[in-house]
>>> print(open('coords-v1.txt').read())   # compact mmCIF, C-alpha atoms and all ligand atoms
# COMPACT_ATOMS: atom_id res chain seq x y z
CA MET A 1 -67.89 51.87 22.36
CA ALA A 2 -64.76 52.62 24.37
CA ARG A 3 -65.69 49.93 26.87
CA LEU A 4 -66.16 47.40 24.07
CA ILE A 5 -62.69 48.16 22.84
CA ARG A 6 -61.27 47.79 26.36
CA SER A 7 -63.00 44.43 26.63
CA GLY A 8 -60.83 42.88 23.96
CA LEU A 9 -63.92 41.62 22.13
CA ALA A 10 -64.12 44.59 19.79
CA GLY A 11 -62.13 42.90 17.05
CA LEU A 12 -64.82 40.26 16.83
CA MET A 13 -67.55 42.61 15.61
CA THR A 14 -70.04 40.89 13.34
CA THR A 15 -73.42 42.01 12.08
CA HIS A 16 -75.05 40.91 15.30
CA ARG A 17 -72.34 40.44 17.83
CA PHE A 18 -74.82 40.54 20.74
CA LEU A 19 -77.94 38.44 21.12
CA VAL A 20 -80.63 39.36 23.64
CA THR A 21 -83.24 36.66 24.23
CA GLY A 22 -86.35 38.11 25.82
CA GLY A 23 -85.23 41.31 24.09
CA THR A 24 -88.77 42.66 24.10
CA GLY A 25 -89.22 42.05 27.84
CA LYS A 26 -88.78 44.06 31.02
CA SER A 27 -85.00 43.79 31.37
CA GLY A 28 -84.10 42.65 27.83
CA SER A 29 -85.56 45.75 26.17
CA HIS A 30 -83.33 47.98 28.32
CA VAL A 31 -80.30 45.80 27.54
CA VAL A 32 -81.02 46.28 23.83
CA SER A 33 -81.38 50.04 24.07
CA ARG A 34 -78.24 50.41 26.19
CA LEU A 35 -76.14 48.31 23.83
CA ARG A 36 -77.46 50.23 20.83
CA ALA A 37 -76.69 53.52 22.56
CA GLN A 38 -73.07 52.31 22.67
CA GLY A 39 -73.22 51.59 18.94
CA ALA A 40 -73.13 47.82 19.43
CA PRO A 41 -74.85 45.52 16.91
CA VAL A 42 -77.65 43.64 18.68
CA ARG A 43 -80.08 40.96 17.62
CA VAL A 44 -83.38 41.06 19.52
CA ALA A 45 -84.70 37.51 19.82
CA SER A 46 -88.21 36.64 20.91
CA ARG A 47 -91.44 35.50 19.29
CA THR A 48 -92.28 39.10 18.41
CA GLY A 49 -88.71 40.44 18.21
CA GLU A 50 -86.77 41.42 15.10
CA SER A 51 -85.35 37.91 14.84
CA ALA A 52 -88.12 35.31 15.11
CA PHE A 53 -87.01 33.11 17.98
CA ASP A 54 -89.13 30.64 19.87
CA TRP A 55 -87.76 28.63 22.75
CA HIS A 56 -90.07 25.80 21.69
CA ASP A 57 -88.76 25.72 18.12
CA ARG A 58 -85.11 24.70 18.08
CA ALA A 59 -84.96 25.40 14.35
CA THR A 60 -84.97 29.13 15.30
CA TRP A 61 -82.03 28.85 17.68
CA ASP A 62 -79.21 28.67 15.12
CA THR A 63 -80.49 31.69 13.20
CA ALA A 64 -80.61 33.68 16.42
CA LEU A 65 -77.09 32.59 17.37
CA ASP A 66 -75.51 33.09 13.95
CA GLY A 67 -72.37 35.22 14.27
CA VAL A 68 -73.08 36.05 17.90
CA LYS A 69 -70.27 36.41 20.43
CA ALA A 70 -72.11 37.45 23.60
CA VAL A 71 -75.61 36.56 24.82
CA TYR A 72 -77.95 38.10 27.41
CA LEU A 73 -79.99 35.04 28.21
CA VAL A 74 -83.52 35.50 29.56
CA PRO A 75 -84.77 31.97 30.17
CA LEU A 76 -88.24 30.54 29.65
CA ASP A 77 -89.61 29.70 33.10
CA GLY A 78 -91.07 26.24 33.55
CA HIS A 79 -88.81 24.65 30.93
CA LEU A 80 -85.32 23.23 31.11
CA LEU A 81 -84.19 24.76 27.82
CA THR A 82 -81.35 26.96 29.05
CA ARG A 83 -78.93 24.01 29.14
CA PRO A 84 -79.38 22.84 25.52
CA PHE A 85 -79.38 26.47 24.36
CA VAL A 86 -76.10 27.17 26.17
CA GLU A 87 -74.55 24.02 24.71
CA ARG A 88 -75.61 25.06 21.21
CA ALA A 89 -74.34 28.61 21.75
CA VAL A 90 -70.91 27.37 22.79
CA LYS A 91 -70.78 25.05 19.77
CA LEU A 92 -71.60 27.97 17.45
CA GLY A 93 -68.84 30.19 18.84
CA VAL A 94 -70.43 32.30 21.58
CA GLU A 95 -67.74 33.50 23.99
CA ARG A 96 -69.69 35.21 26.76
CA LEU A 97 -73.00 34.55 28.54
CA VAL A 98 -74.92 36.75 30.97
CA LEU A 99 -77.77 34.77 32.51
CA LEU A 100 -80.86 36.31 34.08
CA SER A 101 -81.61 34.00 37.00
CA GLY A 102 -83.56 34.76 40.17
CA ARG A 103 -83.12 35.52 43.83
CA GLY A 104 -83.15 32.60 46.25
CA VAL A 105 -81.95 29.95 43.83
CA ASP A 106 -79.38 28.77 46.39
CA VAL A 107 -81.35 29.61 49.56
CA PRO A 108 -82.89 26.60 51.33
CA GLY A 109 -86.61 27.13 51.87
CA TYR A 110 -86.86 30.18 49.61
CA SER A 111 -88.60 28.53 46.70
CA GLY A 112 -85.96 26.82 44.60
CA GLU A 113 -87.21 23.91 42.59
CA ALA A 114 -90.65 24.10 44.25
CA ASN A 115 -91.52 26.81 41.75
CA SER A 116 -91.30 26.63 37.94
CA ALA A 117 -89.00 29.64 37.67
CA GLY A 118 -86.75 28.24 40.41
CA ALA A 119 -86.34 24.89 38.68
CA THR A 120 -85.45 26.66 35.42
CA HIS A 121 -82.89 28.85 37.16
CA VAL A 122 -81.26 26.04 39.18
CA ASP A 123 -80.62 24.05 36.00
CA GLY A 124 -79.78 27.16 33.94
CA GLU A 125 -77.17 28.40 36.41
CA SER A 126 -75.52 25.00 36.48
CA ALA A 127 -75.42 24.87 32.66
CA VAL A 128 -73.89 28.34 32.43
CA ARG A 129 -71.25 27.58 35.08
CA ALA A 130 -70.30 24.40 33.20
CA SER A 131 -70.22 26.11 29.77
CA GLY A 132 -66.46 26.62 29.70
CA ILE A 133 -66.83 30.20 28.39
CA ASP A 134 -67.06 33.58 30.17
CA TRP A 135 -70.23 33.84 32.24
CA THR A 136 -71.96 36.16 34.66
CA ILE A 137 -75.15 35.34 36.58
CA LEU A 138 -77.70 37.95 37.68
CA ARG A 139 -80.06 37.07 40.54
CA PRO A 140 -82.60 39.87 40.81
CA ALA A 141 -85.24 40.43 43.46
CA TRP A 142 -88.82 41.11 42.31
CA PHE A 143 -88.77 43.69 39.50
CA ALA A 144 -90.34 47.10 40.15
CA GLN A 145 -91.62 46.88 36.56
CA ASN A 146 -94.07 44.12 37.58
CA PHE A 147 -96.31 47.02 38.67
CA SER A 148 -96.05 48.93 35.38
CA GLU A 149 -95.72 46.34 32.62
CA GLY A 150 -95.77 42.93 34.30
CA ILE A 151 -97.98 40.65 36.30
CA PHE A 152 -99.32 43.30 38.75
CA ARG A 153 -100.18 45.92 36.11
CA ASP A 154 -103.80 45.02 35.40
CA ALA A 155 -104.59 44.85 39.12
CA VAL A 156 -102.98 48.26 39.69
CA LEU A 157 -105.12 49.72 36.89
CA ALA A 158 -108.21 48.03 38.35
CA GLY A 159 -107.41 49.63 41.74
CA GLU A 160 -106.93 46.48 43.83
CA LEU A 161 -103.88 44.23 44.02
CA ARG A 162 -104.85 40.94 45.74
CA LEU A 163 -101.84 38.81 46.69
CA PRO A 164 -100.83 36.21 49.30
CA ALA A 165 -97.93 38.42 50.43
CA GLY A 166 -99.17 39.20 53.96
CA ASN A 167 -97.40 42.22 55.38
CA GLY A 168 -94.07 41.09 53.98
CA ALA A 169 -91.74 43.42 52.14
CA ALA A 170 -89.66 43.07 49.00
CA SER A 171 -86.56 45.00 47.97
CA PHE A 172 -87.85 45.62 44.42
CA VAL A 173 -85.13 46.15 41.83
CA ASP A 174 -85.51 48.41 38.82
CA ALA A 175 -85.12 46.58 35.48
CA VAL A 176 -83.05 49.56 34.34
CA ASP A 177 -80.43 48.58 36.94
CA ILE A 178 -80.59 44.91 35.92
CA ALA A 179 -79.92 45.99 32.34
CA ALA A 180 -77.06 48.28 33.36
CA VAL A 181 -75.36 45.38 35.16
CA ALA A 182 -76.04 43.05 32.23
CA VAL A 183 -74.50 45.47 29.72
CA ALA A 184 -71.45 45.96 31.93
CA ALA A 185 -71.01 42.18 32.11
CA LEU A 186 -71.51 41.80 28.35
CA THR A 187 -69.11 44.53 27.31
CA GLU A 188 -66.49 44.93 30.04
CA ASP A 189 -63.89 42.70 31.58
CA GLY A 190 -63.97 42.02 35.33
CA HIS A 191 -67.44 40.49 35.67
CA GLN A 192 -66.64 36.97 34.53
CA GLY A 193 -67.47 34.26 37.07
CA GLU A 194 -69.49 36.73 39.19
CA THR A 195 -72.94 36.04 40.58
CA TYR A 196 -74.63 39.38 41.23
CA GLU A 197 -77.53 39.46 43.67
CA LEU A 198 -79.56 42.53 42.65
CA SER A 199 -82.07 44.51 44.69
CA GLY A 200 -83.24 48.06 45.14
CA PRO A 201 -81.94 50.22 48.02
CA ARG A 202 -84.91 49.55 50.37
CA ALA A 203 -87.69 47.08 50.99
CA LEU A 204 -91.36 48.06 50.65
CA THR A 205 -94.48 46.14 51.56
CA ILE A 206 -96.96 45.69 48.73
CA ALA A 207 -99.21 48.21 50.50
CA GLU A 208 -96.37 50.76 50.57
CA ALA A 209 -95.53 50.13 46.92
CA VAL A 210 -99.09 50.67 45.67
CA ALA A 211 -99.44 53.71 47.95
CA GLU A 212 -96.48 55.31 46.14
CA ILE A 213 -98.10 54.56 42.79
CA ALA A 214 -101.43 55.94 44.01
CA GLU A 215 -99.80 59.13 45.21
CA ALA A 216 -97.81 59.68 42.00
CA THR A 217 -100.74 59.03 39.68
CA GLY A 218 -103.76 60.18 41.65
CA ARG A 219 -105.28 56.72 41.14
CA SER A 220 -106.97 54.83 43.90
CA VAL A 221 -104.99 51.62 44.39
CA ARG A 222 -105.04 49.36 47.43
CA TYR A 223 -103.44 46.09 48.45
CA VAL A 224 -105.63 43.24 49.71
CA PRO A 225 -103.72 40.45 51.47
CA LEU A 226 -105.12 36.98 50.78
CA SER A 227 -104.34 33.56 52.20
CA PRO A 228 -102.56 31.35 49.64
CA GLY A 229 -105.64 29.09 49.46
CA ARG A 230 -108.01 31.99 48.79
CA PHE A 231 -105.61 33.42 46.22
CA VAL A 232 -105.45 30.12 44.31
CA SER A 233 -109.26 29.73 44.37
CA GLU A 234 -109.79 33.28 43.11
CA LEU A 235 -107.40 32.72 40.21
CA THR A 236 -108.90 29.36 39.29
CA GLU A 237 -112.39 30.92 39.36
CA GLN A 238 -111.02 33.42 36.81
CA GLY A 239 -109.94 30.49 34.59
CA TRP A 240 -106.32 30.01 35.62
CA PRO A 241 -105.11 26.37 35.56
CA VAL A 242 -104.63 25.20 39.17
CA VAL A 243 -100.97 24.39 38.56
CA GLU A 244 -100.26 27.94 37.37
CA ALA A 245 -102.22 29.53 40.21
CA GLU A 246 -100.30 27.44 42.77
CA ASP A 247 -97.03 28.32 41.06
CA TYR A 248 -97.83 32.05 41.32
CA ALA A 249 -98.73 31.66 45.01
CA GLU A 250 -95.45 29.82 45.59
CA ALA A 251 -93.50 32.56 43.82
CA VAL A 252 -95.03 35.20 46.12
CA SER A 253 -94.61 33.17 49.31
CA PRO A 254 -91.03 34.31 50.11
CA ILE A 255 -92.38 37.87 50.46
CA ARG A 256 -95.00 36.71 53.00
CA ARG A 257 -92.40 34.61 54.84
CA GLY A 258 -90.01 37.57 55.21
CA MET A 259 -87.42 36.16 52.81
CA ASP A 260 -87.51 38.98 50.25
CA ALA A 261 -86.89 42.05 52.40
CA HIS A 262 -83.09 41.89 52.56
CA LEU A 263 -80.95 44.20 50.45
CA SER A 264 -78.39 42.86 48.00
CA ASP A 265 -75.17 44.57 46.93
CA GLY A 266 -74.88 43.44 43.28
CA VAL A 267 -75.60 46.82 41.68
CA TRP A 268 -72.96 48.39 43.86
CA ARG A 269 -70.44 45.61 43.22
CA ALA A 270 -70.94 45.66 39.45
CA LEU A 271 -71.40 49.38 38.81
CA GLY A 272 -69.94 51.16 41.84
CA ARG A 273 -73.17 53.08 42.48
CA GLN A 274 -76.35 52.66 44.47
CA PRO A 275 -79.41 51.10 42.82
CA ARG A 276 -82.36 53.26 41.77
CA ASP A 277 -85.00 53.80 44.40
CA PHE A 278 -88.61 52.62 43.95
CA THR A 279 -89.74 56.24 44.07
CA ASP A 280 -87.57 57.02 41.03
CA PHE A 281 -89.11 54.07 39.21
CA VAL A 282 -92.63 55.27 40.04
CA ARG A 283 -91.84 58.77 38.85
CA ALA A 284 -90.39 57.46 35.56
CA ALA A 285 -93.28 55.03 35.00
CA ALA A 286 -96.12 57.31 36.14
CA ARG A 287 -97.34 58.04 32.63
CA THR A 288 -97.71 54.29 31.87
CA TRP A 289 -100.52 54.08 34.47
CA ARG A 290 -102.27 57.14 33.04
CA ASP A 291 -102.71 55.80 29.46
N1 LIG A 301 -90.40 39.63 36.96
C1 LIG A 301 -89.74 39.47 38.09
O1 LIG A 301 -90.04 40.07 39.11
C2 LIG A 301 -88.54 38.54 38.11
C3 LIG A 301 -87.75 38.48 39.28
C4 LIG A 301 -86.63 37.65 39.30
C5 LIG A 301 -86.33 36.87 38.18
N2 LIG A 301 -87.14 36.95 37.08
C6 LIG A 301 -86.83 36.10 35.90
O2 LIG A 301 -86.72 36.91 34.76
C7 LIG A 301 -87.06 36.13 33.62
C8 LIG A 301 -87.99 36.97 32.76
O3 LIG A 301 -89.25 37.05 33.39
P1 LIG A 301 -90.19 38.30 33.23
O4 LIG A 301 -91.47 37.96 33.88
O5 LIG A 301 -89.48 39.52 33.69
O6 LIG A 301 -90.46 38.36 31.65
P2 LIG A 301 -89.97 39.41 30.59
O7 LIG A 301 -88.50 39.29 30.35
O8 LIG A 301 -90.55 40.76 30.85
O9 LIG A 301 -90.77 38.83 29.32
C9 LIG A 301 -90.48 37.56 28.78
C10 LIG A 301 -89.65 37.69 27.47
O10 LIG A 301 -89.48 36.38 26.92
C11 LIG A 301 -90.03 36.36 25.60
N3 LIG A 301 -90.67 35.06 25.42
C12 LIG A 301 -91.75 34.56 26.06
N4 LIG A 301 -92.05 33.33 25.61
C13 LIG A 301 -91.13 33.06 24.64
C14 LIG A 301 -90.90 31.95 23.77
N5 LIG A 301 -91.68 30.85 23.79
N6 LIG A 301 -89.86 32.00 22.93
C15 LIG A 301 -89.06 33.10 22.86
N7 LIG A 301 -89.22 34.18 23.64
C16 LIG A 301 -90.24 34.16 24.52
C17 LIG A 301 -91.02 37.51 25.53
O11 LIG A 301 -91.13 38.05 24.23
P3 LIG A 301 -92.22 37.60 23.13
O12 LIG A 301 -93.54 37.67 23.81
O13 LIG A 301 -91.99 38.59 22.05
O14 LIG A 301 -91.84 36.20 22.72
C18 LIG A 301 -90.34 38.55 26.42
O15 LIG A 301 -89.36 39.27 25.69
C19 LIG A 301 -87.67 34.84 34.13
O16 LIG A 301 -86.77 33.80 34.02
C20 LIG A 301 -87.96 35.14 35.60
O17 LIG A 301 -87.91 34.00 36.44
C21 LIG A 301 -88.23 37.76 37.01
>>> encode(input="coords-v1.txt", output="structure tokens")
Amino acid sequence: MARLIRSGLAGLMTTHRFLVTGGTGKSGSHVVSRLRAQGAPVRVASRTGESAFDWHDRATWDTALDGVKAVYLVPLDGHLLTRPFVERAVKLGVERLVLLSGRGVDVPGYSGEANSAGATHVDGESAVRASGIDWTILRPAWFAQNFSEGIFRDAVLAGELRLPAGNGAASFVDAVDIAAVAVAALTEDGHQGETYELSGPRALTIAEAVAEIAEATGRSVRYVPLSPGRFVSELTEQGWPVVEAEDYAEAVSPIRRGMDAHLSDGVWRALGRQPRDFTDFVRAAARTWRD
């Protein structure tokens, strides 16, 4: 709470001074628990959250934003809804925005608007920068939590992760660190106007990442590199729409093309400490692969 008071926003306490969209997700859930640990009033907004909020139903936006002063904004990939949401938030009195964006948004040839998440983030960043209120943008690398609760989880449990990532490496970032930076930006001064590129402290190939999980859990897990074409056909054979399969392949392609291995200094710049290592994430998440 001391940091809230230092921020100068403490006098504006309302029932739900903070709103976390995607508050049930990989980074949002940690933002919620960190804010609550500081005693801050938080509204968790998502389709299954405490406050029913659906990006596709604008009638739910005002209820979510009611009385809110600061928002952790997890966008909906594939839709250009961040801009109208930001405009509505400003109109209803929000004073601070922390946007979850993505790595490579401004890097030619990374992915950018070629991928549904990229297009959402390019437009979302521009809306946040133009909002006229305090803002901070987070650009994380691939989340470590994709292996434990995200898109790679089922494959890890099945023992074989098949991806078009070649032998490329990614500097996976722990969602716990993303949340720590988000909470600092929401509650402290000094982060306004910053764009934080967030990664872990080292890059791992997919094979190295699953080997760490295998070792920590005793499971047999292996990585099988696929060509993008083979990957798309396998997913479509499993019933994925072609557009979504191609979008997933495009999202992974920077890893294969060596564009995801670099380290970023955002955790250090925002928090003055090193990011958590992938091994620490695996140790903390090990029980989630045993259930
Ligand atoms: N995962 C990564 O490696 C990674 C890396 C860089 C950037 N990002 C960015 O991070 C953002 C979050 O992606 P994620 O995969 O990590 O997902 P996530 O935050 O773990 O989960 C998505 C969240 O959004 C909510 N949600 C989904 N559809 C919704 C809807 N129609 N209305 C309201 N809420 C909805 C979900 O809750 P309910 O199901 O309860 O609605 C959940 O809380 C994306 O913009 C992505 O591009 C992700």
>>> closest_residue(input="coords-v1.txt", among="A:Gly124, A:Gly272, A:Gly104, A:Pro254", to="Pro140 (chain A)", atoms="all atoms listed in the file")
A:Gly104
>>> residues_around(input="coords-v1.txt", residues="Leu99 (chain A)", least_positions_apart="4", cutoff="9 Å", atoms="only C-alpha atoms", output="list in words")
Val71, Tyr72, Leu73, Val74, Pro75, Gly124, Glu125, Val128, Trp135, Thr136, Ile137, Leu138, Arg139 and Ala182 of chain A
>>> write_last_selection(input="coords-v1.txt", atoms="C-alpha atoms", output="compact mmCIF listing (two decimals), in the frame of the given file")
# COMPACT_ATOMS: atom_id res chain seq x y z
CA VAL A 71 -75.61 36.56 24.82
CA TYR A 72 -77.95 38.10 27.41
CA LEU A 73 -79.99 35.04 28.21
CA VAL A 74 -83.52 35.50 29.56
CA PRO A 75 -84.77 31.97 30.17
CA GLY A 124 -79.78 27.16 33.94
CA GLU A 125 -77.17 28.40 36.41
CA VAL A 128 -73.89 28.34 32.43
CA TRP A 135 -70.23 33.84 32.24
CA THR A 136 -71.96 36.16 34.66
CA ILE A 137 -75.15 35.34 36.58
CA LEU A 138 -77.70 37.95 37.68
CA ARG A 139 -80.06 37.07 40.54
CA ALA A 182 -76.04 43.05 32.23
>>> closest_atom_pairs(input="coords-v1.txt", of="chain A", to="ligand LIG 301 (chain A)", cutoff="6 Å", atoms="all atoms listed in the file", output="Markdown table")
| residue | atom | partner | partner_atom | distance |
| --- | --- | --- | --- | --- |
| A:Gly22 | CA | A:LIG301 | O15 | 3.2 |
| A:Gly23 | CA | A:LIG301 | O15 | 4.9 |
| A:Thr24 | CA | A:LIG301 | O15 | 3.8 |
| A:Gly25 | CA | A:LIG301 | O15 | 3.5 |
| A:Lys26 | CA | A:LIG301 | O8 | 3.7 |
| A:Ser27 | CA | A:LIG301 | O7 | 5.8 |
| A:Ser46 | CA | A:LIG301 | N7 | 3.8 |
| A:Arg47 | CA | A:LIG301 | O14 | 3.5 |
| A:Thr48 | CA | A:LIG301 | O13 | 3.7 |
| A:Gly49 | CA | A:LIG301 | O13 | 5.4 |
| A:Phe53 | CA | A:LIG301 | C15 | 5.3 |
| A:Asp54 | CA | A:LIG301 | N6 | 3.4 |
| A:Trp55 | CA | A:LIG301 | N6 | 4.0 |
| A:His56 | CA | A:LIG301 | N5 | 5.7 |
| A:Val74 | CA | A:LIG301 | C7 | 5.4 |
| A:Pro75 | CA | A:LIG301 | O16 | 4.7 |
| A:Leu76 | CA | A:LIG301 | O16 | 5.6 |
| A:Asp77 | CA | A:LIG301 | O16 | 5.1 |
| A:Leu100 | CA | A:LIG301 | O2 | 5.9 |
| A:Ser101 | CA | A:LIG301 | C5 | 5.6 |
| A:Gly102 | CA | A:LIG301 | C5 | 4.0 |
| A:Ala117 | CA | A:LIG301 | O17 | 4.7 |
| A:Pro140 | CA | A:LIG301 | C4 | 4.8 |
| A:Ala141 | CA | A:LIG301 | C4 | 5.2 |
| A:Trp142 | CA | A:LIG301 | O1 | 3.6 |
| A:Phe143 | CA | A:LIG301 | O1 | 3.9 |
| A:Asn146 | CA | A:LIG301 | N1 | 5.8 |
>>> residues_near_point(input="coords-v1.txt", point="(-82.2, 50.5, 35.0)", cutoff="10 Å", atoms="only C-alpha atoms", output="list in words")
Ser27, His30, Val31, Arg34, Val173, Asp174, Ala175, Val176, Asp177, Ile178, Ala179, Ala180, Val181, Pro275, Arg276 and Phe281 of chain A
>>> residues_around(input="coords-v1.txt", residues="region 78-93 of chain A", least_positions_apart="2", cutoff="8 Å", atoms="all atoms listed in the file", output="list in words")
Trp55, Trp61, Asp62, Leu65, Asp66, Gly67, Val68, Lys69, Pro75, Leu76, Glu95, Ser116, Ala117, Ala119, Thr120, Asp123, Gly124, Ala127, Val128, Ser131 and Ile133 of chain A
>>> closest_residue(input="coords-v1.txt", among="A:Val32, A:Ala158, A:Val42, A:Met259", to="Gly109 (chain A)", atoms="all atoms listed in the file")
A:Met259
>>> axis_aligned_box(input="coords-v1.txt", around="region 59-62 of chain A", padding_each_side="5 Å", output="lines of an AutoDock Vina configuration file")
center_x = -82.1
center_y = 27.3
center_z = 16.0
size_x = 15.8
size_y = 13.7
size_z = 13.3
>>> atom_distance(input="coords-v1.txt", atom1="CA of Arg269 (chain A)", atom2="CA of Gln192 (chain A)")
12.8 Å
>>> residues_near_point(input="coords-v1.txt", point="(-84.4, 46.0, 46.5)", cutoff="6 Å", atoms="only C-alpha atoms", output="JSON, numbers by chain")
{"A": [171, 172, 173, 199, 200, 201, 202, 203, 263]}
>>> atom_distance(input="coords-v1.txt", atom1="CA of Ile206 (chain A)", atom2="CA of Asp106 (chain A)")
24.5 Å
>>> residues_around(input="coords-v1.txt", residues="Ser233 (chain A)", least_positions_apart="3", cutoff="12 Å", atoms="all atoms listed in the file", output="NGL selection string")
:A and (163-164 or 226-230 or 236-246 or 249)
>>> closest_residue(input="coords-v1.txt", among="A:Arg129, A:Arg257, A:Arg153, A:Arg219", to="Ala170 (chain A)", atoms="all atoms listed in the file")
A:Arg257
>>> atom_distance(input="coords-v1.txt", atom1="CA of Gly190 (chain A)", atom2="CA of Leu19 (chain A)")
20.2 Å
>>> closest_residue(input="coords-v1.txt", among="A:Gln145, A:Val232, A:Asp247, A:Glu197", to="Asp280 (chain A)", atoms="only C-alpha atoms")
A:Gln145
>>> closest_residue(input="coords-v1.txt", among="A:Arg287, A:Gly166, A:Ala209, A:Ala214", to="Ala144 (chain A)", atoms="all atoms listed in the file")
A:Ala209
>>> closest_residue(input="coords-v1.txt", among="A:Val210, A:Ala251, A:Leu186, A:Ala40", to="Ala286 (chain A)", atoms="all atoms listed in the file")
A:Val210
>>> residues_around(input="coords-v1.txt", residues="Asn167 (chain A)", least_positions_apart="2", cutoff="7 Å", atoms="all atoms listed in the file", output="PyMOL selection string")
chain A and resi 165+169+205+256
>>> write_last_selection(input="coords-v1.txt", atoms="C-alpha atoms", output="PDB file, in the coordinates of the input")
ATOM      1  CA  ALA A 165     -97.930  38.420  50.430  1.00  0.00           C
ATOM      2  CA  ALA A 169     -91.740  43.420  52.140  1.00  0.00           C
ATOM      3  CA  THR A 205     -94.480  46.140  51.560  1.00  0.00           C
ATOM      4  CA  ARG A 256     -95.000  36.710  53.000  1.00  0.00           C
TER       5      ARG A 256
END
